[in-house]
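Dumped entry-v1.pdb below, it's PDB, C-alpha atoms:
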ATOM      1  CA  MET A   1       1.583  33.214  -9.708
ATOM      2  CA  LYS A   2       4.379  31.422  -7.902
ATOM      3  CA  ALA A   3       3.881  29.398  -4.772
ATOM      4  CA  THR A   4       6.014  27.221  -2.545
ATOM      5  CA  VAL A   5       4.773  24.331  -0.464
ATOM      6  CA  VAL A   6       6.918  22.993   2.368
ATOM      7  CA  VAL A   7       6.059  19.508   3.635
ATOM      8  CA  ARG A   8       7.503  18.318   6.942
ATOM      9  CA  PRO A   9       7.284  15.138   8.998
ATOM     10  CA  LYS A  10       4.911  15.906  11.888
ATOM     11  CA  PRO A  11       6.460  16.322  15.339
ATOM     12  CA  GLY A  12       6.783  12.984  17.087
ATOM     13  CA  ILE A  13       6.928  11.053  13.831
ATOM     14  CA  LEU A  14      10.176   9.113  13.570
ATOM     15  CA  ASP A  15      12.259  10.528  10.724
ATOM     16  CA  PRO A  16      15.031   8.031   9.926
ATOM     17  CA  GLN A  17      16.278  10.242   7.083
ATOM     18  CA  GLY A  18      16.679  13.169   9.475
ATOM     19  CA  GLU A  19      18.513  10.958  11.960
ATOM     20  CA  ALA A  20      20.899   9.781   9.249
ATOM     21  CA  VAL A  21      21.556  13.364   8.168
ATOM     22  CA  GLN A  22      22.131  14.430  11.773
ATOM     23  CA  GLY A  23      24.575  11.552  12.268
ATOM     24  CA  SER A  24      26.532  12.485   9.162
ATOM     25  CA  LEU A  25      26.657  16.171  10.120
ATOM     26  CA  ARG A  26      28.000  15.229  13.548
ATOM     27  CA  GLN A  27      30.592  13.038  11.871
ATOM     28  CA  LEU A  28      31.681  16.103   9.907
ATOM     29  CA  GLY A  29      32.197  17.899  13.203
ATOM     30  CA  PHE A  30      29.024  20.033  13.283
ATOM     31  CA  PRO A  31      27.355  19.964  16.705
ATOM     32  CA  VAL A  32      23.843  19.262  15.363
ATOM     33  CA  GLU A  33      21.262  18.107  17.889
ATOM     34  CA  HIS A  34      18.360  17.285  15.592
ATOM     35  CA  ALA A  35      17.678  17.181  11.877
ATOM     36  CA  ARG A  36      14.328  16.630  10.172
ATOM     37  CA  VAL A  37      14.084  16.156   6.433
ATOM     38  CA  GLY A  38      11.063  17.464   4.540
ATOM     39  CA  ARG A  39      10.293  18.417   1.001
ATOM     40  CA  VAL A  40       9.935  21.699  -0.929
ATOM     41  CA  ILE A  41       7.615  21.917  -3.920
ATOM     42  CA  ASP A  42       7.792  25.020  -6.113
ATOM     43  CA  LEU A  43       4.714  25.653  -8.192
ATOM     44  CA  GLU A  44       3.722  28.097 -10.861
ATOM     45  CA  LEU A  45      -0.045  28.575 -11.006
ATOM     46  CA  GLU A  46      -2.155  29.813 -13.881
ATOM     47  CA  ASP A  47      -4.475  31.534 -11.434
ATOM     48  CA  ASP A  48      -3.779  35.165 -10.498
ATOM     49  CA  ASP A  49      -6.422  35.411  -7.784
ATOM     50  CA  ARG A  50      -4.687  35.000  -4.428
ATOM     51  CA  ALA A  51      -7.698  33.710  -2.510
ATOM     52  CA  GLN A  52      -8.498  31.162  -5.185
ATOM     53  CA  ALA A  53      -4.845  30.128  -5.415
ATOM     54  CA  ASN A  54      -4.667  29.661  -1.654
ATOM     55  CA  ALA A  55      -7.778  27.526  -1.623
ATOM     56  CA  ALA A  56      -6.469  25.421  -4.511
ATOM     57  CA  LEU A  57      -3.098  24.970  -2.772
ATOM     58  CA  GLU A  58      -4.851  23.762   0.382
ATOM     59  CA  ARG A  59      -6.664  21.142  -1.668
ATOM     60  CA  MET A  60      -3.452  20.109  -3.449
ATOM     61  CA  CYS A  61      -1.791  19.532  -0.081
ATOM     62  CA  GLU A  62      -4.710  17.568   1.354
ATOM     63  CA  GLN A  63      -5.163  15.419  -1.739
ATOM     64  CA  LEU A  64      -1.633  14.760  -2.881
ATOM     65  CA  LEU A  65       1.342  16.815  -1.738
ATOM     66  CA  ALA A  66       1.210  15.787   1.938
ATOM     67  CA  ASN A  67      -0.186  12.775   3.745
ATOM     68  CA  PRO A  68      -1.963  14.216   6.782
ATOM     69  CA  LEU A  69      -1.274  11.063   8.826
ATOM     70  CA  ILE A  70       2.429  11.845   9.023
ATOM     71  CA  GLU A  71       3.100  15.209   7.397
ATOM     72  CA  SER A  72       2.269  18.865   7.965
ATOM     73  CA  TYR A  73       2.512  21.519   5.275
ATOM     74  CA  GLU A  74       2.998  25.239   4.857
ATOM     75  CA  ILE A  75       1.921  27.267   1.852
ATOM     76  CA  GLU A  76       3.728  30.387   0.732
ATOM     77  CA  LEU A  77       2.351  32.560  -2.051
ATOM     78  CA  ALA A  78       4.899  34.828  -3.717
ATOM     79  CA  GLU A  79       4.361  38.570  -3.265
ATOM     80  CA  GLU A  80       2.846  40.432  -6.225
ATOM     81  CA  PRO A  81       5.598  41.361  -8.676
TER      82      PRO A  81
ATOM     83  CA  MET B   1     -19.526 -21.287 -16.488
ATOM     84  CA  SER B   2     -15.844 -22.060 -16.151
ATOM     85  CA  ALA B   3     -14.631 -23.054 -12.702
ATOM     86  CA  ARG B   4     -11.611 -20.824 -13.190
ATOM     87  CA  PRO B   5     -12.441 -17.535 -11.472
ATOM     88  CA  ARG B   6     -11.239 -14.406 -13.227
ATOM     89  CA  ILE B   7      -8.961 -12.166 -11.175
ATOM     90  CA  GLY B   8      -7.790  -8.792 -12.496
ATOM     91  CA  VAL B   9      -4.121  -7.832 -12.072
ATOM     92  CA  VAL B  10      -3.492  -4.112 -12.502
ATOM     93  CA  THR B  11      -0.306  -2.889 -14.166
ATOM     94  CA  PHE B  12       0.776   0.655 -13.296
ATOM     95  CA  PRO B  13       3.810   2.291 -14.895
ATOM     96  CA  GLY B  14       6.571   0.815 -12.733
ATOM     97  CA  SER B  15       4.710  -2.272 -11.512
ATOM     98  CA  ASN B  16       7.093  -5.214 -11.703
ATOM     99  CA  ASP B  17       5.387  -8.077  -9.897
ATOM    100  CA  ASP B  18       2.294  -8.084 -12.106
ATOM    101  CA  ARG B  19       3.514 -11.083 -14.114
ATOM    102  CA  ASP B  20       4.488 -13.056 -11.025
ATOM    103  CA  ALA B  21       1.090 -12.305  -9.502
ATOM    104  CA  ALA B  22      -0.662 -13.466 -12.681
ATOM    105  CA  LEU B  23       1.484 -16.631 -12.865
ATOM    106  CA  ALA B  24       0.808 -17.466  -9.214
ATOM    107  CA  LEU B  25      -2.939 -16.936  -9.610
ATOM    108  CA  GLU B  26      -3.003 -19.142 -12.725
ATOM    109  CA  LEU B  27      -1.013 -21.824 -10.899
ATOM    110  CA  LEU B  28      -3.658 -21.736  -8.158
ATOM    111  CA  GLY B  29      -6.505 -22.211 -10.588
ATOM    112  CA  ALA B  30      -7.562 -18.690 -11.518
ATOM    113  CA  GLU B  31      -7.623 -16.945 -14.862
ATOM    114  CA  ALA B  32      -5.487 -13.824 -14.453
ATOM    115  CA  VAL B  33      -6.872 -10.904 -16.441
ATOM    116  CA  PRO B  34      -4.408  -8.094 -17.198
ATOM    117  CA  VAL B  35      -5.790  -4.632 -16.376
ATOM    118  CA  TRP B  36      -4.063  -1.464 -17.600
ATOM    119  CA  HIS B  37      -3.677   1.593 -15.343
ATOM    120  CA  SER B  38      -5.275   3.977 -17.833
ATOM    121  CA  ASP B  39      -8.395   1.841 -18.341
ATOM    122  CA  ALA B  40     -11.516   3.489 -16.978
ATOM    123  CA  THR B  41     -13.377   0.268 -16.205
ATOM    124  CA  LEU B  42     -12.626  -3.157 -14.779
ATOM    125  CA  PRO B  43     -13.414  -6.287 -16.775
ATOM    126  CA  ASP B  44     -15.834  -8.845 -15.284
ATOM    127  CA  VAL B  45     -13.710 -10.256 -12.446
ATOM    128  CA  GLY B  46     -14.253 -11.840  -9.040
ATOM    129  CA  ALA B  47     -11.318 -10.022  -7.451
ATOM    130  CA  VAL B  48      -8.597  -7.475  -8.208
ATOM    131  CA  VAL B  49      -4.911  -7.624  -7.292
ATOM    132  CA  LEU B  50      -2.725  -4.514  -7.118
ATOM    133  CA  PRO B  51       0.783  -5.961  -7.498
ATOM    134  CA  GLY B  52       4.199  -4.957  -6.206
ATOM    135  CA  GLY B  53       6.678  -2.682  -7.874
ATOM    136  CA  PHE B  54       7.545   0.986  -7.953
ATOM    137  CA  SER B  55       4.547   2.659  -9.541
ATOM    138  CA  TYR B  56       5.433   6.124 -10.852
ATOM    139  CA  GLY B  57       8.960   5.650  -9.520
ATOM    140  CA  ASP B  58       7.694   5.970  -5.918
ATOM    141  CA  TYR B  59       7.826   9.735  -6.544
ATOM    142  CA  LEU B  60       6.469  11.980  -3.778
ATOM    143  CA  ARG B  61       5.448   9.009  -1.562
ATOM    144  CA  ALA B  62       5.164   5.351  -2.553
ATOM    145  CA  GLY B  63       1.686   4.822  -3.997
ATOM    146  CA  ALA B  64       0.724   8.505  -3.865
ATOM    147  CA  LEU B  65       0.576   9.019  -7.635
ATOM    148  CA  ALA B  66      -0.837   5.614  -8.619
ATOM    149  CA  ARG B  67      -3.806   6.439  -6.462
ATOM    150  CA  PHE B  68      -4.962   8.888  -9.136
ATOM    151  CA  ALA B  69      -4.521   6.531 -12.119
ATOM    152  CA  PRO B  70      -7.825   6.265 -14.042
ATOM    153  CA  ILE B  71      -8.297   2.584 -13.120
ATOM    154  CA  MET B  72      -8.291   3.467  -9.414
ATOM    155  CA  ALA B  73     -11.713   5.118  -9.648
ATOM    156  CA  ALA B  74     -13.063   1.797 -10.933
ATOM    157  CA  VAL B  75     -11.173  -0.127  -8.227
ATOM    158  CA  ARG B  76     -12.690   2.158  -5.582
ATOM    159  CA  THR B  77     -16.220   1.579  -6.912
ATOM    160  CA  PHE B  78     -15.537  -2.168  -7.070
ATOM    161  CA  ALA B  79     -14.337  -2.114  -3.442
ATOM    162  CA  ASP B  80     -17.234   0.079  -2.288
ATOM    163  CA  GLU B  81     -19.619  -2.480  -3.740
ATOM    164  CA  GLY B  82     -17.940  -5.229  -1.716
ATOM    165  CA  GLY B  83     -15.515  -6.477  -4.397
ATOM    166  CA  LEU B  84     -12.367  -8.250  -3.221
ATOM    167  CA  VAL B  85      -9.176  -6.220  -3.581
ATOM    168  CA  LEU B  86      -5.709  -7.420  -2.531
ATOM    169  CA  GLY B  87      -2.742  -5.053  -2.546
ATOM    170  CA  ILE B  88       0.731  -6.567  -2.348
ATOM    171  CA  CYS B  89       3.693  -4.376  -1.347
ATOM    172  CA  ASN B  90       3.382  -1.370  -3.679
ATOM    173  CA  GLY B  91      -0.278  -2.346  -4.076
ATOM    174  CA  PHE B  92      -0.631  -2.056  -0.287
ATOM    175  CA  GLN B  93       0.976   1.395  -0.447
ATOM    176  CA  VAL B  94      -1.445   2.434  -3.193
ATOM    177  CA  LEU B  95      -4.469   1.236  -1.170
ATOM    178  CA  CYS B  96      -3.292   3.179   1.899
ATOM    179  CA  GLU B  97      -2.699   6.351  -0.113
ATOM    180  CA  ALA B  98      -6.138   5.878  -1.703
ATOM    181  CA  ARG B  99      -7.540   5.640   1.869
ATOM    182  CA  LEU B 100      -9.083   2.297   0.980
ATOM    183  CA  LEU B 101      -6.974   0.950   3.846
ATOM    184  CA  PRO B 102      -5.998   2.673   7.089
ATOM    185  CA  GLY B 103      -2.458   3.903   7.742
ATOM    186  CA  ILE B 104       0.535   4.553   5.566
ATOM    187  CA  LEU B 105       3.764   2.766   4.618
ATOM    188  CA  ARG B 106       6.861   4.820   5.419
ATOM    189  CA  PRO B 107      10.549   4.343   4.583
ATOM    190  CA  ASN B 108      12.004   1.444   6.573
ATOM    191  CA  GLU B 109      13.303   2.493   9.974
ATOM    192  CA  SER B 110      16.756   1.208   8.988
ATOM    193  CA  LEU B 111      16.616   3.150   5.695
ATOM    194  CA  ALA B 112      17.877  -0.099   4.143
ATOM    195  CA  PHE B 113      16.039  -2.101   1.505
ATOM    196  CA  VAL B 114      15.116  -5.477   3.011
ATOM    197  CA  CYS B 115      14.933  -8.598   0.878
ATOM    198  CA  ARG B 116      14.539 -11.856   2.770
ATOM    199  CA  ASP B 117      12.090 -14.464   3.999
ATOM    200  CA  VAL B 118      10.024 -13.468   7.019
ATOM    201  CA  THR B 119       7.788 -15.511   9.290
ATOM    202  CA  LEU B 120       4.237 -14.250   9.664
ATOM    203  CA  THR B 121       1.548 -15.179  12.126
ATOM    204  CA  VAL B 122      -1.966 -15.263  10.737
ATOM    205  CA  GLU B 123      -4.195 -13.463  13.210
ATOM    206  CA  ARG B 124      -7.461 -14.006  11.386
ATOM    207  CA  VAL B 125      -8.516 -16.972   9.309
ATOM    208  CA  ASP B 126     -12.064 -15.761   8.638
ATOM    209  CA  THR B 127     -11.167 -13.347   5.832
ATOM    210  CA  PRO B 128     -11.416 -14.039   2.082
ATOM    211  CA  PHE B 129      -7.614 -13.717   2.006
ATOM    212  CA  THR B 130      -6.753 -16.247   4.724
ATOM    213  CA  SER B 131      -9.566 -18.814   4.648
ATOM    214  CA  ARG B 132      -7.151 -21.608   3.676
ATOM    215  CA  CYS B 133      -5.235 -21.126   6.940
ATOM    216  CA  GLU B 134      -6.020 -22.983  10.145
ATOM    217  CA  PRO B 135      -5.940 -20.887  13.360
ATOM    218  CA  GLY B 136      -2.387 -20.185  14.544
ATOM    219  CA  ARG B 137      -0.916 -20.825  11.092
ATOM    220  CA  ARG B 138       2.539 -19.399  10.458
ATOM    221  CA  LEU B 139       3.642 -18.449   6.957
ATOM    222  CA  THR B 140       7.131 -18.081   5.515
ATOM    223  CA  ILE B 141       6.970 -15.533   2.717
ATOM    224  CA  PRO B 142       9.617 -13.123   1.370
ATOM    225  CA  VAL B 143       9.590  -9.352   1.749
ATOM    226  CA  LYS B 144      11.463  -6.982  -0.572
ATOM    227  CA  HIS B 145      10.867  -3.325   0.052
ATOM    228  CA  GLY B 146      12.384  -0.018   1.086
ATOM    229  CA  GLU B 147       9.142   1.543   2.324
ATOM    230  CA  GLY B 148       7.285  -1.029   4.360
ATOM    231  CA  CYS B 149       7.125   0.592   7.769
ATOM    232  CA  PHE B 150       3.397   0.516   8.546
ATOM    233  CA  TYR B 151       2.372   3.539  10.564
ATOM    234  CA  VAL B 152      -0.840   4.489  12.349
ATOM    235  CA  ASP B 153      -1.089   6.685  15.426
ATOM    236  CA  GLU B 154      -1.962   5.159  18.802
ATOM    237  CA  ARG B 155      -5.659   5.942  18.549
ATOM    238  CA  LEU B 156      -6.018   4.337  15.110
ATOM    239  CA  LEU B 157      -3.888   1.382  16.197
ATOM    240  CA  ALA B 158      -6.241   0.718  19.118
ATOM    241  CA  GLU B 159      -9.153   0.943  16.701
ATOM    242  CA  LEU B 160      -7.573  -1.543  14.259
ATOM    243  CA  GLU B 161      -6.648  -3.981  17.018
ATOM    244  CA  GLY B 162     -10.099  -3.672  18.578
ATOM    245  CA  ALA B 163     -11.845  -4.325  15.282
ATOM    246  CA  GLY B 164      -9.546  -7.253  14.425
ATOM    247  CA  GLN B 165      -8.264  -5.586  11.272
ATOM    248  CA  VAL B 166      -4.695  -6.796  11.764
ATOM    249  CA  VAL B 167      -4.511 -10.004   9.723
ATOM    250  CA  LEU B 168      -0.766 -10.663   9.503
ATOM    251  CA  ARG B 169       2.034  -9.868  11.929
ATOM    252  CA  TYR B 170       5.787 -10.342  11.618
ATOM    253  CA  GLU B 171       7.108 -12.896  14.062
ATOM    254  CA  GLY B 172      10.343 -12.139  15.884
ATOM    255  CA  GLY B 173      10.392  -8.412  15.147
ATOM    256  CA  SER B 174       9.452  -6.514  12.036
ATOM    257  CA  PRO B 175      12.002  -6.098   9.235
ATOM    258  CA  ASN B 176      11.019  -2.453   8.707
ATOM    259  CA  GLY B 177       9.908  -0.822  11.963
ATOM    260  CA  SER B 178       6.149  -1.310  11.500
ATOM    261  CA  VAL B 179       4.003  -0.410  14.509
ATOM    262  CA  ALA B 180       2.871  -3.510  16.407
ATOM    263  CA  GLU B 181       4.790  -5.675  13.875
ATOM    264  CA  ILE B 182       1.890  -5.274  11.437
ATOM    265  CA  ALA B 183       2.477  -6.942   8.059
ATOM    266  CA  GLY B 184      -1.057  -6.980   6.670
ATOM    267  CA  VAL B 185      -4.423  -5.316   7.401
ATOM    268  CA  VAL B 186      -7.988  -5.450   6.114
ATOM    269  CA  ASN B 187     -10.507  -2.636   5.905
ATOM    270  CA  ALA B 188     -13.406  -2.537   8.362
ATOM    271  CA  GLU B 189     -15.691  -4.310   5.866
ATOM    272  CA  GLY B 190     -13.134  -7.090   5.346
ATOM    273  CA  ASN B 191     -13.101  -7.049   1.526
ATOM    274  CA  VAL B 192      -9.897  -5.038   0.959
ATOM    275  CA  MET B 193      -6.532  -6.278   2.210
ATOM    276  CA  GLY B 194      -2.960  -5.103   1.914
ATOM    277  CA  LEU B 195       0.274  -6.834   2.904
ATOM    278  CA  MET B 196       3.958  -6.056   2.457
ATOM    279  CA  PRO B 197       5.226  -9.664   2.005
ATOM    280  CA  HIS B 198       4.959 -11.211  -1.444
ATOM    281  CA  PRO B 199       2.773 -14.344  -1.526
ATOM    282  CA  GLU B 200       3.156 -14.473  -5.322
ATOM    283  CA  HIS B 201       6.872 -15.209  -4.852
ATOM    284  CA  ALA B 202       6.112 -18.193  -2.617
ATOM    285  CA  VAL B 203       3.939 -20.576  -4.595
ATOM    286  CA  ASP B 204       6.538 -22.906  -6.114
ATOM    287  CA  GLU B 205       8.946 -25.217  -4.272
ATOM    288  CA  LEU B 206      11.597 -24.217  -6.791
ATOM    289  CA  THR B 207      11.866 -20.844  -5.040
ATOM    290  CA  GLY B 208      11.583 -22.164  -1.487
ATOM    291  CA  SER B 209       8.323 -21.777   0.396
ATOM    292  CA  THR B 210       4.875 -22.411  -1.034
ATOM    293  CA  ASP B 211       3.139 -20.617   1.850
ATOM    294  CA  GLY B 212       2.039 -17.790  -0.421
ATOM    295  CA  ALA B 213      -0.610 -20.185  -1.722
ATOM    296  CA  PHE B 214      -2.401 -19.898   1.620
ATOM    297  CA  VAL B 215      -3.109 -16.243   0.846
ATOM    298  CA  LEU B 216      -3.559 -16.285  -2.929
ATOM    299  CA  GLY B 217      -5.358 -19.639  -2.861
ATOM    300  CA  SER B 218      -7.833 -18.209  -0.357
ATOM    301  CA  LEU B 219      -8.410 -15.296  -2.728
ATOM    302  CA  VAL B 220      -8.945 -17.680  -5.655
ATOM    303  CA  ASP B 221     -11.519 -19.640  -3.587
ATOM    304  CA  ALA B 222     -13.339 -16.437  -2.616
ATOM    305  CA  ALA B 223     -13.293 -15.077  -6.172
ATOM    306  CA  ARG B 224     -14.708 -18.382  -7.446
ATOM    307  CA  ASP B 225     -17.540 -18.251  -4.868
ATOM    308  CA  ARG B 226     -18.366 -14.703  -5.869
ATOM    309  CA  MET B 227     -18.385 -15.389  -9.595
ATOM    310  CA  GLN B 228     -20.546 -18.463  -9.105
ATOM    311  CA  ALA B 229     -22.973 -16.566  -6.870
ATOM    312  CA  ARG B 230     -23.183 -13.849  -9.508
ATOM    313  CA  ALA B 231     -23.832 -16.400 -12.283
ATOM    314  CA  VAL B 232     -26.647 -17.976 -10.252
ATOM    315  CA  ALA B 233     -28.169 -14.558  -9.585
ATOM    316  CA  VAL B 234     -28.171 -13.829 -13.340
TER     317      VAL B 234
END
Could you rewrite the structure in this file as structure tokens?
Amino acid sequence: MKATVVVRPKPGILDPQGEAVQGSLRQLGFPVEHARVGRVIDLELEDDDRAQANAALERMCEQLLANPLIESYEIELAEEP
Amino acid sequence: MSARPRIGVVTFPGSNDDRDAALALELLGAEAVPVWHSDATLPDVGAVVLPGGFSYGDYLRAGALARFAPIMAAVRTFADEGGLVLGICNGFQVLCEARLLPGILRPNESLAFVCRDVTLTVERVDTPFTSRCEPGRRLTIPVKHGEGCFYVDERLLAELEGAGQVVLRYEGGSPNGSVAEIAGVVNAEGNVMGLMPHPEHAVDELTGSTDGAFVLGSLVDAARDRMQARAVAV
């Protein structure tokens, strides 16, 4: 089963990478007000049970993929084929 | 028993200050014992140093992957039992990711890698890592990092300040955007410390300052006391 995890800097957390990207986009002439840079992690799981996969993904995020002090995460499980 | 206390220095894949840490500890009278990341147990040591570098290429977040190296389970047990653990730079990042220390180290606010001497004020001299300092002592020690911006939220910051867990602060502004100019913290129990500056690079006049000896020398003293106490108990 395929899954995607999106990790974002939490609101209010300074994101210097996002600020640099915003600055560069403005320099290119795009009227961008804010940019925040996160991370996308695509996973392929052995498990086919959606509930189990969801629970495992939650644990992956808490333990490794995101640091809850500064990052939030979203889990997306691919639809059944 | 030998008067040279044994101090373990862990090498992760990508550590690059492990040799400097070992050399500095030896210069200050310790016997540096190399410890490999995939070992499951620690040798008989009075303290453990997690050195600087770029463990696992800093992938995901600095220190995030090293936290799960087999040796870290042993380091956690050692720390839980009151053992002395010092994390320098990447070692500090590993200890934060392992939740053995509060907070996290984020990319520098400037996004630039900083490599220069900084002045630190020592806020506490009653820790095993600063006992050689007199109150008000300032240290000149180099930093070299891209991800040294110490972050805790306001609530945790108040907690750390209240409990006196901030041991080192940058003087004259932080080089990386750290909250409250924090350069080094200890855990609540006072036996685990992390700092971004590199005391192991400041122990020989040849390379400038020798102020790093105030930190590492304190650790050597404390490790010696612990090994001697253990020998007496046995």
Kindly assemble as a Markdown table a list of the chain A residues that lie within 9 Å of chain B, each paired with its nearest atom pair and their distance in Å to one decimal, using all atoms listed in the file, sorted first by chain and then by ascending residue number.
| residue | atom | partner | partner_atom | distance |
| --- | --- | --- | --- | --- |
| A:Leu14 | CA | B:Glu109 | CA | 8.2 |
| A:Asp15 | CA | B:Glu109 | CA | 8.1 |
| A:Pro16 | CA | B:Glu109 | CA | 5.8 |
| A:Gln17 | CA | B:Leu111 | CA | 7.2 |
| A:Ala20 | CA | B:Leu111 | CA | 8.7 |
| A:Arg39 | CA | B:Leu60 | CA | 8.9 |
| A:Leu64 | CA | B:Ala64 | CA | 6.8 |
| A:Leu65 | CA | B:Leu60 | CA | 7.3 |
| A:Ala66 | CA | B:Leu60 | CA | 8.7 |
| A:Asn67 | CA | B:Glu97 | CA | 7.9 |
| A:Leu69 | CA | B:Gly103 | CA | 7.3 |
| A:Ile70 | CA | B:Ile104 | CA | 8.3 |
Selected residues written out, C-alpha atoms, as a tab-separated table (two decimals), in the coordinates of the input:
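This went into result35.tsv:
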chain	number	residue	atom	x	y	z
A	14	LEU	CA	10.18	9.11	13.57
A	15	ASP	CA	12.26	10.53	10.72
A	16	PRO	CA	15.03	8.03	9.93
A	17	GLN	CA	16.28	10.24	7.08
A	20	ALA	CA	20.90	9.78	9.25
A	39	ARG	CA	10.29	18.42	1.00
A	64	LEU	CA	-1.63	14.76	-2.88
A	65	LEU	CA	1.34	16.82	-1.74
A	66	ALA	CA	1.21	15.79	1.94
A	67	ASN	CA	-0.19	12.78	3.74
A	69	LEU	CA	-1.27	11.06	8.83
A	70	ILE	CA	2.43	11.84	9.02
_What's the separation between atom CA of Leu25 of chain B and atom CA of Val203 of chain B, in Å to one decimal place?_
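Value for the atom CA of Leu25 of chain B-atom CA of Val203 of chain B distance: 9.3 Å.
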Padding 8 Å on each side, edges along x, y and z: where is the centre of the box around the listed atoms of segment 8-25 of chain A, and how long are its edges in Å to one decimal? Output it as AutoDock Vina command-line options.
--center_x 15.8 --center_y 13.2 --center_z 12.0 --size_x 37.7 --size_y 26.3 --size_z 26.1
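Put simply, atom CA of Thr130 of chain B is 11.6 Å away from atom CA of Asn191 of chain B.
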*Given the file shown, determine the residues that the PyMOL selection byres ((chain A and resi 72-79) around 7) selects; report them as a list in words.*
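When the PyMOL selection byres ((chain A and resi 72-79) around 7) is applied, the selected residues are Lys2, Ala3, Thr4, Val5, Val6, Val7, Arg8, Pro9, Lys10, Ala66, Pro68, Glu71, Glu80 and Pro81 of chain A.
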Generate a file of the selected residues that holds C-alpha atoms, formatted as a tab-separated table (two decimals), keeping the file's coordinate frame.
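That gives us again-v3.tsv:
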chain	number	residue	atom	x	y	z
A	2	LYS	CA	4.38	31.42	-7.90
A	3	ALA	CA	3.88	29.40	-4.77
A	4	THR	CA	6.01	27.22	-2.54
A	5	VAL	CA	4.77	24.33	-0.46
A	6	VAL	CA	6.92	22.99	2.37
A	7	VAL	CA	6.06	19.51	3.64
A	8	ARG	CA	7.50	18.32	6.94
A	9	PRO	CA	7.28	15.14	9.00
A	10	LYS	CA	4.91	15.91	11.89
A	66	ALA	CA	1.21	15.79	1.94
A	68	PRO	CA	-1.96	14.22	6.78
A	71	GLU	CA	3.10	15.21	7.40
A	80	GLU	CA	2.85	40.43	-6.22
A	81	PRO	CA	5.60	41.36	-8.68
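This file, filtered with the PyMOL selection byres ((chain B and resi 52) around 9), gives the residues B:Ser15, B:Asn16, B:Asp17, B:Asp18, B:Ala21, B:Leu50, B:Pro51, B:Gly53, B:Phe54, B:Ser55, B:Gly87, B:Ile88, B:Cys89, B:Asn90, B:Gly91, B:Phe92, B:Met196, B:His198.
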*Quick one: apply the PyMOL selection byres ((chain B and resi 33) around 7) to the file and drop the selected residues here as a PyMOL selection string.*
chain B and resi 6-9+31-32+34-35
Selected residues, C-alpha atoms, written as a PDB file, keeping the file's coordinate frame, please.
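Below is the file again16.pdb, written as the result:
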ATOM      1  CA  ARG B   6     -11.239 -14.406 -13.227  1.00  0.00           C
ATOM      2  CA  ILE B   7      -8.961 -12.166 -11.175  1.00  0.00           C
ATOM      3  CA  GLY B   8      -7.790  -8.792 -12.496  1.00  0.00           C
ATOM      4  CA  VAL B   9      -4.121  -7.832 -12.072  1.00  0.00           C
ATOM      5  CA  GLU B  31      -7.623 -16.945 -14.862  1.00  0.00           C
ATOM      6  CA  ALA B  32      -5.487 -13.824 -14.453  1.00  0.00           C
ATOM      7  CA  PRO B  34      -4.408  -8.094 -17.198  1.00  0.00           C
ATOM      8  CA  VAL B  35      -5.790  -4.632 -16.376  1.00  0.00           C
TER       9      VAL B  35
END
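A straight line drawn from atom CA of Asn176 of chain B to atom CA of Cys149 of chain B is 5.0 Å long.
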